[in-house]
Amino acid sequence: TKPVTLFELGKMRAEGRKIVMLTGYDASFAALLERCGVDVILVGDSLGNVLQGQKTTLPVTLEQMAYHTECVSRGANRTFVVTDMPFGSYAESPEQAMRNAVRLMAAGAQMVKLEGGAFMAETVRFLVERGVPVCAHIGLTPQSVHQLGGYRVQGKSDAGAAVLKADALALEQAGAALVVMEMVPSQLAADITNSLNTMATIGIGAGVDCHGQVLVLHDLIGVFPGKRPRFAKNFMEGASSIDEAVTRYVTDVRESRFPGPEHSY
Ligand code: KIV
Ligand code: NA
C-alpha cells in the first residue's frame with residue numbers, strides 16, 4: 001500500500017473517509033499500528049504521562065520528543081508521523097517555533113502539532129509557509145492545565161463555544177491541515193467540523209462527527225493505571241491480542257462505531 005501523505009489526508013476528508021490517528025512512541029508499536037491500518041501515528045507529549053509517569057505533559061523536552069520521533073519513524077514506513085511540540089518550545093515566537101519544528105522534522109516528523117487557538121494562527125502560518133505542515137489542538141489543551149484549572153470539558157457556555165469556533169476558523173485560515181479537538185461537546189464539535197472547508201477535525205472526547213479520531217495507545221490497550229477518562233475505551237476487553245484491539249479501534253472509527261455517546265460529552 002502507498003504511504004499516507006498530506007494530500008491523501010485531504011482526500012480522505014473530502015471523500016468522508018475517517019482519519020484514524022493513534023499515539024505511538026517506539027518502533028515496535030509503530031510497526032504494529034501500521035500493520036493494523038492506523039493512518040496517522042501521533043508522537044504525543046502524553047509520553048510524559050504514559051512513559052515517564054509525570055503528572056502533566058509540562059516537563060517533556062524537545063530532545064525527548066525528537067528521540068521518540070526517531071524511534072517511531074524507524075518502525076513506520078507508510079504511516080504519517082505527527083509529533084507534538086512540547087510546552088515552551090513554540091509559544092514565544094514564530095521563529096522559535098520554526099527552529100524547534102526543524103529539529104522534529106529532521107527526526108522524522110512529517111507534521112508538528114501545537115496547542116492553542118487564534119493566538120497561534122500567526123505561528124501556524126509562519127511554519128506552513130516554510131514547509132512545516134501543522135496540526136493544531138484546541139479545547140482541552142493539556143499544556144495549559146494550570147491555566148484551565150484541571151482536565152475539564154471546554155466550550156460548554158455559549159461564549160466558550162463561540163471562542164472555540166473562531167479559533168478553529170483562524171487556524172484553518174492560517175493553513176493548519178488538521179486540528180485535534182479534545183473534550184469538546186459533541187454538538188459543538190460537529191458544528192465546527194461542518195463550518196470548516198479544508199482543515200480536518202480529529203476528535204478525542206469530541207463525539208463521532210469529527211473527520212477522524214485519536215486516542216492514547218496506553219488507554220486503548222488498558223495499561224495506563226488510574227482512572228480512565230470518559231472518552232478512553234479499553235479495546236483489549238474481548239480482544240485476544242494487541243493487534244486485534246488496535247484493528248478493532250481502526251474499524252470502529254472507520255465505521256463510526258467509536259466513539260459512542262458513552263465516550264462523549
Ligand atoms: O499527547 C497526546 O497524546 C495528544 C492526544 C491526546 C491528542 O495530544
Ligand atoms: Na499532546
# chains A, B, ... in the order shown; residues from 1 in each chain; ligands from 1

call {"tool": "residues_near_ligand", "arguments": {"ligand": "ligand 1", "cutoff": "6 Å", "atoms": "only C-alpha atoms and all ligand atoms", "output": "list in words"}}
result
Thr23, Gly44, Asp45, Ser46, Leu215 and Val216 of chain A

call {"tool": "residues_near_ligand", "arguments": {"ligand": "ligand 2", "cutoff": "8 Å", "atoms": "only C-alpha atoms and all ligand atoms", "output": "number ranges by chain"}}
result
A: 44-46, 57, 84, 86, 113-115, 141-143

call {"tool": "closest_atom_pairs", "arguments": {"of": "stretch 149-177 of chain A", "to": "stretch 228-239 of chain A", "cutoff": "12 Å", "atoms": "only C-alpha atoms", "output": "Markdown table"}}
result
| residue | atom | partner | partner_atom | distance |
| --- | --- | --- | --- | --- |
| A:Tyr151 | CA | A:Pro229 | CA | 9.5 |
| A:Arg152 | CA | A:Pro229 | CA | 10.3 |
| A:Val153 | CA | A:Arg230 | CA | 10.8 |

call {"tool": "atom_distance", "arguments": {"atom1": "atom CA of A:Met65", "atom2": "atom CA of A:Val43"}}
result
7.4 Å

call {"tool": "residues_around", "arguments": {"residues": "A:Thr5", "least_positions_apart": "5", "cutoff": "10 Å", "atoms": "only C-alpha atoms", "output": "PyMOL selection string"}}
result
chain A and resi 10-11+39-40+78-81+110

call {"tool": "atom_distance", "arguments": {"atom1": "atom CA of A:Gln154", "atom2": "atom CA of A:Ala176"}}
result
20.7 Å

call {"tool": "select_by_dssp", "arguments": {"residues": "stretch 23-242 of chain A", "states": "alpha helix (DSSP H)", "output": "ChimeraX atom specification"}}
result
/A:27-35,47-50,62-75,94-106,121-129,145-148,158-174,186-195,217-220,242

call {"tool": "residues_around", "arguments": {"residues": "A:Ala177", "least_positions_apart": "2", "cutoff": "10 Å", "atoms": "only C-alpha atoms", "output": "list in words"}}
result
Leu6, Phe7, Leu9, Gly10, Met111, Val128, Pro133, Val134, Cys135, Ala136, Leu171, Glu172, Gln173, Ala174, Gly175, Val179, Thr198, Met199, Ala200 and Thr201 of chain A

call {"tool": "closest_residue", "arguments": {"among": "A:Val253, A:Val214, A:Ile41, A:Met183", "to": "A:Arg17", "atoms": "only C-alpha atoms"}}
result
A:Val253

call {"tool": "closest_residue", "arguments": {"among": "A:His68, A:Lys2, A:Gly24, A:Lys18", "to": "A:Phe258", "atoms": "only C-alpha atoms"}}
result
A:Lys18

call {"tool": "residues_around", "arguments": {"residues": "A:Ala91", "least_positions_apart": "2", "cutoff": "10 Å", "atoms": "only C-alpha atoms", "output": "count of residues only"}}
result
16
